[in-house]
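> First the structure, which I've put down as structure tokens, then a few questions once you've had a look.
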Amino acid sequence: MTVGAPLLRLTNVSKTYVGTNALLNISLDVEAGKVLCLLGDNGAGKSTLIKILSGVHAPTAGTIEVNGEPVRFSSPRDASAYGIATVHQFGGTFPLMSVGRSFFVGAEPTKRWGPLRRFDKKLASEIAIREMQSLGITGVTDGRRLVGSLSGGERQALAIARGVYFGASVLILDEPTAALGVKEATHVLRIIMQARQKGIAVVFVTHNVLHAISVGDHFAVLIRGEKADDFRKGERTREQVTDLMAGGEAMAALEAELAEMQAQAHHDTT
Ligand SMILES: Nc1ncnc2c1ncn2[C@@H]1O[C@H](COP(=O)(O)OP(=O)(O)OP(=O)(O)O)[C@@H](O)[C@H]1O
Ligand SMILES: [Mg+2]
């Protein structure tokens with residue numbers, strides 16, 4: 001461990017899929033007790049970056065360091081051994097599994113030792129519910145409920161609670177608020193702040209500039225696989241960030257088009 005080194009550092013990371021350069025020369029630091037927001041339009045490379053950080057894909061080039069030591073993740077298990085917990089954009093939860101069971105997938109508490117060792121459902125349920133409640137999720141009181149019956153926000157909270165409970169030092173969330181209503185999204189943002197307060201480094205992937213600005217300490221914007229900008233809280237306005245993302249340009253073009261259509265309609269009726 002190198003004193004003063006960031007928890008996680010990417011240097012010149014690139015990833016090429018057959019036919020696509022998904023990431024090009026990305027360098028980023030992830031710091032303890034801070035929220036790093038990764039912004040970018042569809043296809044910008046955000047999930048690819050997350051997959052590299054979480055050991056799903058190996059980078060084509062570049063290095064990853066944890067506490068100043070170079071590492072190579074050959075599987076998600078390797079990344080989680082370094083305390084990196086990831087909630088992926090799609091899947092990651094098991095709709096037909098109970099809340100208690102899904103909380104402990106891969107790390108099950110057992111009632112007794114030896115060949116009769118079996119999963120302690122009651123304890124698992126109690127812990128899962130208690131941990132969700134500690135994040136302010138009070139609507140789920142029975143750990144036997146199926147994950148598929150939870151709301152989107154509750155599902156995100158379950159996944160985050162799991163990461164926190166198992167001692168994650170880096171929590172990576174790929175679009176956790178994308179499918180949520182305003183209230184639920186706010187709740188997830190609050191939980192992100194709670195994780196940050198515990199000293200966890202949070203990597204928060206989102207399209208939503210408002211969500212990012214409300215919780216982020218630092219920000220990186222990806223455009224077509226490249227880091228287009230990198231800044232700290234307060235260094236850019238919301239408009240500047242929106243304009244930077246391809247969505248900004250597209251919205252400006254749409255607004256201009258609509259204005260023209262309106263002018264045309266006005267012209268036609270007079
Ligand atoms: N397994 C794959 N094989 C080939 N190309 C891929 C693969 N996964 C992603 N890509 C391509 O890499 C680029 C980046 O994709 P990625 O999923 O990282 O984008 P993203 O920023 O997460 O987008 P979104 O906001 O839509 O989730 C896209 O052009 C995508 O089509
Ligand atoms: Mg994605």
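By convention here, the chains of the structure tokens are called A, B, ... in the order presented, each chain's residues are numbered starting at 1, and ligands are numbered starting at 1 in the order presented.
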Compute the set of protein, DNA and RNA residues whose minimum atom distance to ligand 1 is at most 7 Å, using only C-alpha atoms and all ligand atoms, and state it as a PyMOL selection string.
chain A and resi 17-18+20-22+40-49+207+225
> Can you write out the residues you just picked, keeping C-alpha atoms, as a PDB file, in the first residue's frame?

```pdb
ATOM      1  CA  TYR A  17     -14.367  -5.184 -28.647  1.00  0.00           C
ATOM      2  CA  VAL A  18     -14.325  -6.821 -32.065  1.00  0.00           C
ATOM      3  CA  THR A  20     -15.445  -1.240 -31.652  1.00  0.00           C
ATOM      4  CA  ASN A  21     -13.067   0.904 -29.658  1.00  0.00           C
ATOM      5  CA  ALA A  22     -15.274   1.139 -26.591  1.00  0.00           C
ATOM      6  CA  GLY A  40     -22.007  10.037 -20.839  1.00  0.00           C
ATOM      7  CA  ASP A  41     -24.589   9.332 -23.485  1.00  0.00           C
ATOM      8  CA  ASN A  42     -25.756   5.872 -24.639  1.00  0.00           C
ATOM      9  CA  GLY A  43     -22.843   3.840 -25.928  1.00  0.00           C
ATOM     10  CA  ALA A  44     -20.220   6.219 -24.503  1.00  0.00           C
ATOM     11  CA  GLY A  45     -18.427   3.354 -22.753  1.00  0.00           C
ATOM     12  CA  LYS A  46     -19.639   3.761 -19.168  1.00  0.00           C
ATOM     13  CA  SER A  47     -20.688   0.146 -18.623  1.00  0.00           C
ATOM     14  CA  THR A  48     -17.529  -1.060 -20.336  1.00  0.00           C
ATOM     15  CA  LEU A  49     -15.468   0.943 -17.849  1.00  0.00           C
ATOM     16  CA  HIS A 207     -27.120   9.973 -17.731  1.00  0.00           C
ATOM     17  CA  GLY A 225     -15.053   6.056 -25.411  1.00  0.00           C
TER      18      GLY A 225
END
```
> Which neighbours of Arg190 of chain A fall inside 9 Å, counting only C-alpha atoms, when residues of the same chain fewer than 5 positions from it are skipped, and could you give them as a list in words?
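Selected residues are Leu135, Ala185, Ala195 and Val215 of chain A.
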> Could those residues be written to a file, using N, CA and C atoms, as a compact mmCIF listing (two decimals), in the first residue's frame?

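Done, and the output landed in result.txt:
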```txt
# COMPACT_ATOMS: atom_id res chain seq x y z
N LEU A 135 -30.76 1.62 5.87
CA LEU A 135 -30.63 2.59 4.78
C LEU A 135 -31.94 3.35 4.56
N ALA A 185 -35.70 7.69 -6.85
CA ALA A 185 -34.35 8.12 -7.25
C ALA A 185 -33.73 8.93 -6.12
N ALA A 195 -23.39 5.92 2.04
CA ALA A 195 -22.22 5.07 1.78
C ALA A 195 -20.96 5.93 1.79
N VAL A 215 -25.00 14.72 -5.90
CA VAL A 215 -24.21 13.89 -4.96
C VAL A 215 -22.72 13.82 -5.27
```
> Taking the DSSP assignment computed from this structure's backbone, write out as an mmCIF file with C-alpha atoms, in the first residue's frame all residues of segment 10-151 of chain A that belong to alpha helix (DSSP H).

```
data_model
loop_
_atom_site.group_PDB
_atom_site.id
_atom_site.type_symbol
_atom_site.label_atom_id
_atom_site.label_comp_id
_atom_site.auth_asym_id
_atom_site.auth_seq_id
_atom_site.Cartn_x
_atom_site.Cartn_y
_atom_site.Cartn_z
ATOM 1 C CA LYS A 46 -19.639 3.761 -19.168
ATOM 2 C CA SER A 47 -20.688 0.146 -18.623
ATOM 3 C CA THR A 48 -17.529 -1.060 -20.336
ATOM 4 C CA LEU A 49 -15.468 0.943 -17.849
ATOM 5 C CA ILE A 50 -17.499 -0.500 -14.977
ATOM 6 C CA LYS A 51 -16.949 -4.022 -16.310
ATOM 7 C CA ILE A 52 -13.200 -3.401 -16.295
ATOM 8 C CA LEU A 53 -13.285 -2.042 -12.735
ATOM 9 C CA PRO A 76 -15.370 -10.525 -10.716
ATOM 10 C CA ARG A 77 -14.283 -12.614 -7.728
ATOM 11 C CA ASP A 78 -10.807 -11.039 -7.919
ATOM 12 C CA ALA A 79 -12.270 -7.540 -7.892
ATOM 13 C CA SER A 80 -14.535 -8.343 -4.967
ATOM 14 C CA ALA A 81 -11.561 -9.718 -3.030
ATOM 15 C CA VAL A 99 -34.704 -11.108 -0.414
ATOM 16 C CA GLY A 100 -32.839 -12.980 2.352
ATOM 17 C CA ARG A 101 -31.375 -15.543 -0.016
ATOM 18 C CA SER A 102 -30.257 -12.998 -2.616
ATOM 19 C CA PHE A 103 -28.563 -10.916 0.087
ATOM 20 C CA LYS A 121 -33.082 -18.734 6.008
ATOM 21 C CA LYS A 122 -34.443 -17.028 9.065
ATOM 22 C CA LEU A 123 -31.168 -15.359 9.989
ATOM 23 C CA ALA A 124 -30.531 -14.349 6.376
ATOM 24 C CA SER A 125 -33.976 -12.717 6.186
ATOM 25 C CA GLU A 126 -33.485 -10.876 9.446
ATOM 26 C CA ILE A 127 -30.105 -9.497 8.430
ATOM 27 C CA ALA A 128 -31.253 -8.470 4.936
ATOM 28 C CA ILE A 129 -34.292 -6.633 6.324
ATOM 29 C CA ARG A 130 -32.283 -4.995 9.096
ATOM 30 C CA GLU A 131 -29.627 -3.765 6.661
ATOM 31 C CA MET A 132 -32.208 -2.366 4.253
ATOM 32 C CA GLN A 133 -33.944 -0.617 7.134
ATOM 33 C CA SER A 134 -30.651 0.930 8.200
#
```
> Between A:Phe90, A:Glu255, A:Gly163, A:Ser151, which one has atoms that come closest to ligand 2, using only C-alpha atoms and all ligand atoms?
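That would be A:Phe90, the residue with the smallest distance to ligand 2.
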> Got a sec: who's within 7 Å of Ile26 of chain A, counting only C-alpha atoms, leaving out chain neighbours fewer than 6 positions off, as an NGL selection string?
:A and (10-14 or 226-227)
> Hey, what's within 7 Å of segment 164-178 of chain A if we count only C-alpha atoms and toss same-chain stuff fewer than 5 positions away? As an MDAnalysis selection string, please?
chainID A and resid 47 83:89 156 185 188 200:206
> For Asp29 of chain A, list every protein, DNA or RNA residue within 9 Å, evaluated using only C-alpha atoms, and leave out those in the same chain fewer than 6 positions away; present the list as a list in words.
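Those residues are Pro6, Leu7, Leu8, Arg9, Leu10, Thr11 and Leu36 of chain A.
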> Got time to write the residues from that selection, N, CA and C atoms, as a compact mmCIF listing (two decimals), in the first residue's frame?

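The resulting file, selection-v8.txt, is reproduced below:
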```
# COMPACT_ATOMS: atom_id res chain seq x y z
N PRO A 6 -4.49 6.87 -4.47
CA PRO A 6 -5.94 6.72 -4.42
C PRO A 6 -6.31 5.25 -4.24
N LEU A 7 -7.52 5.02 -3.76
CA LEU A 7 -8.01 3.66 -3.55
C LEU A 7 -7.89 2.87 -4.84
N LEU A 8 -8.29 3.50 -5.93
CA LEU A 8 -8.31 2.82 -7.22
C LEU A 8 -7.84 3.82 -8.27
N ARG A 9 -6.93 3.38 -9.12
CA ARG A 9 -6.44 4.29 -10.17
C ARG A 9 -6.40 3.56 -11.51
N LEU A 10 -6.98 4.19 -12.51
CA LEU A 10 -6.87 3.67 -13.88
C LEU A 10 -5.92 4.56 -14.63
N THR A 11 -5.00 3.97 -15.38
CA THR A 11 -4.08 4.76 -16.20
C THR A 11 -4.13 4.26 -17.64
N LEU A 36 -17.56 9.53 -7.27
CA LEU A 36 -17.12 9.84 -8.63
C LEU A 36 -18.29 9.56 -9.57
```
> Choose the residue, out of A:Ala159, A:Glu235, A:Glu65, A:Leu39, that has the smallest atom-to-atom separation from ligand 2; count only C-alpha atoms and all ligand atoms.
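Using only C-alpha atoms and all ligand atoms, the shortest distance to ligand 2 belongs to A:Leu39.
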> Given only C-alpha atoms and all ligand atoms as the basis, pick out the residue of A:Leu180, A:Leu38, A:Gly199, A:Phe94 nearest to ligand 2.
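Among the listed residues, the smallest separation from ligand 2 belongs to A:Leu38.
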> Name the residues of segment 135-236 of chain A that come out as strand (DSSP E) in a backbone DSSP run; write them as a list in words.
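Strand (DSSP E) members of segment 135-236 of chain A, listed: Val170, Leu171, Ile172, Leu173, Asp174, Ala201, Val202, Val203, Phe204, Val205, Thr206, His218, Phe219, Ala220, Val221, Leu222, Ile223, Glu226, Lys227, Ala228, Asp229, Asp230, Phe231 and Arg232 of chain A.
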> Export C-alpha atoms of the chosen residues as a PDB file, in the first residue's frame?

```
ATOM      1  CA  VAL A 170     -15.572   0.706  -3.496  1.00  0.00           C
ATOM      2  CA  LEU A 171     -19.231   0.615  -4.464  1.00  0.00           C
ATOM      3  CA  ILE A 172     -19.941   0.815  -8.183  1.00  0.00           C
ATOM      4  CA  LEU A 173     -23.469   1.593  -9.305  1.00  0.00           C
ATOM      5  CA  ASP A 174     -24.285   1.460 -13.018  1.00  0.00           C
ATOM      6  CA  ALA A 201     -15.662   5.269  -2.549  1.00  0.00           C
ATOM      7  CA  VAL A 202     -18.721   5.381  -4.787  1.00  0.00           C
ATOM      8  CA  VAL A 203     -18.600   5.245  -8.582  1.00  0.00           C
ATOM      9  CA  PHE A 204     -21.982   6.432  -9.785  1.00  0.00           C
ATOM     10  CA  VAL A 205     -22.823   5.995 -13.456  1.00  0.00           C
ATOM     11  CA  THR A 206     -25.674   8.092 -14.749  1.00  0.00           C
ATOM     12  CA  HIS A 218     -15.822  14.633  -8.923  1.00  0.00           C
ATOM     13  CA  PHE A 219     -17.021  13.941 -12.414  1.00  0.00           C
ATOM     14  CA  ALA A 220     -15.805  12.421 -15.641  1.00  0.00           C
ATOM     15  CA  VAL A 221     -17.665  12.736 -18.929  1.00  0.00           C
ATOM     16  CA  LEU A 222     -17.198  10.048 -21.560  1.00  0.00           C
ATOM     17  CA  ILE A 223     -17.907  10.719 -25.209  1.00  0.00           C
ATOM     18  CA  GLU A 226     -12.882   9.049 -24.596  1.00  0.00           C
ATOM     19  CA  LYS A 227     -12.757  11.172 -21.488  1.00  0.00           C
ATOM     20  CA  ALA A 228     -14.048  14.506 -22.734  1.00  0.00           C
ATOM     21  CA  ASP A 229     -13.887  16.308 -19.403  1.00  0.00           C
ATOM     22  CA  ASP A 230     -12.959  15.713 -15.806  1.00  0.00           C
ATOM     23  CA  PHE A 231     -13.791  18.199 -13.043  1.00  0.00           C
ATOM     24  CA  ARG A 232     -14.580  18.667  -9.371  1.00  0.00           C
TER      25      ARG A 232
END
```
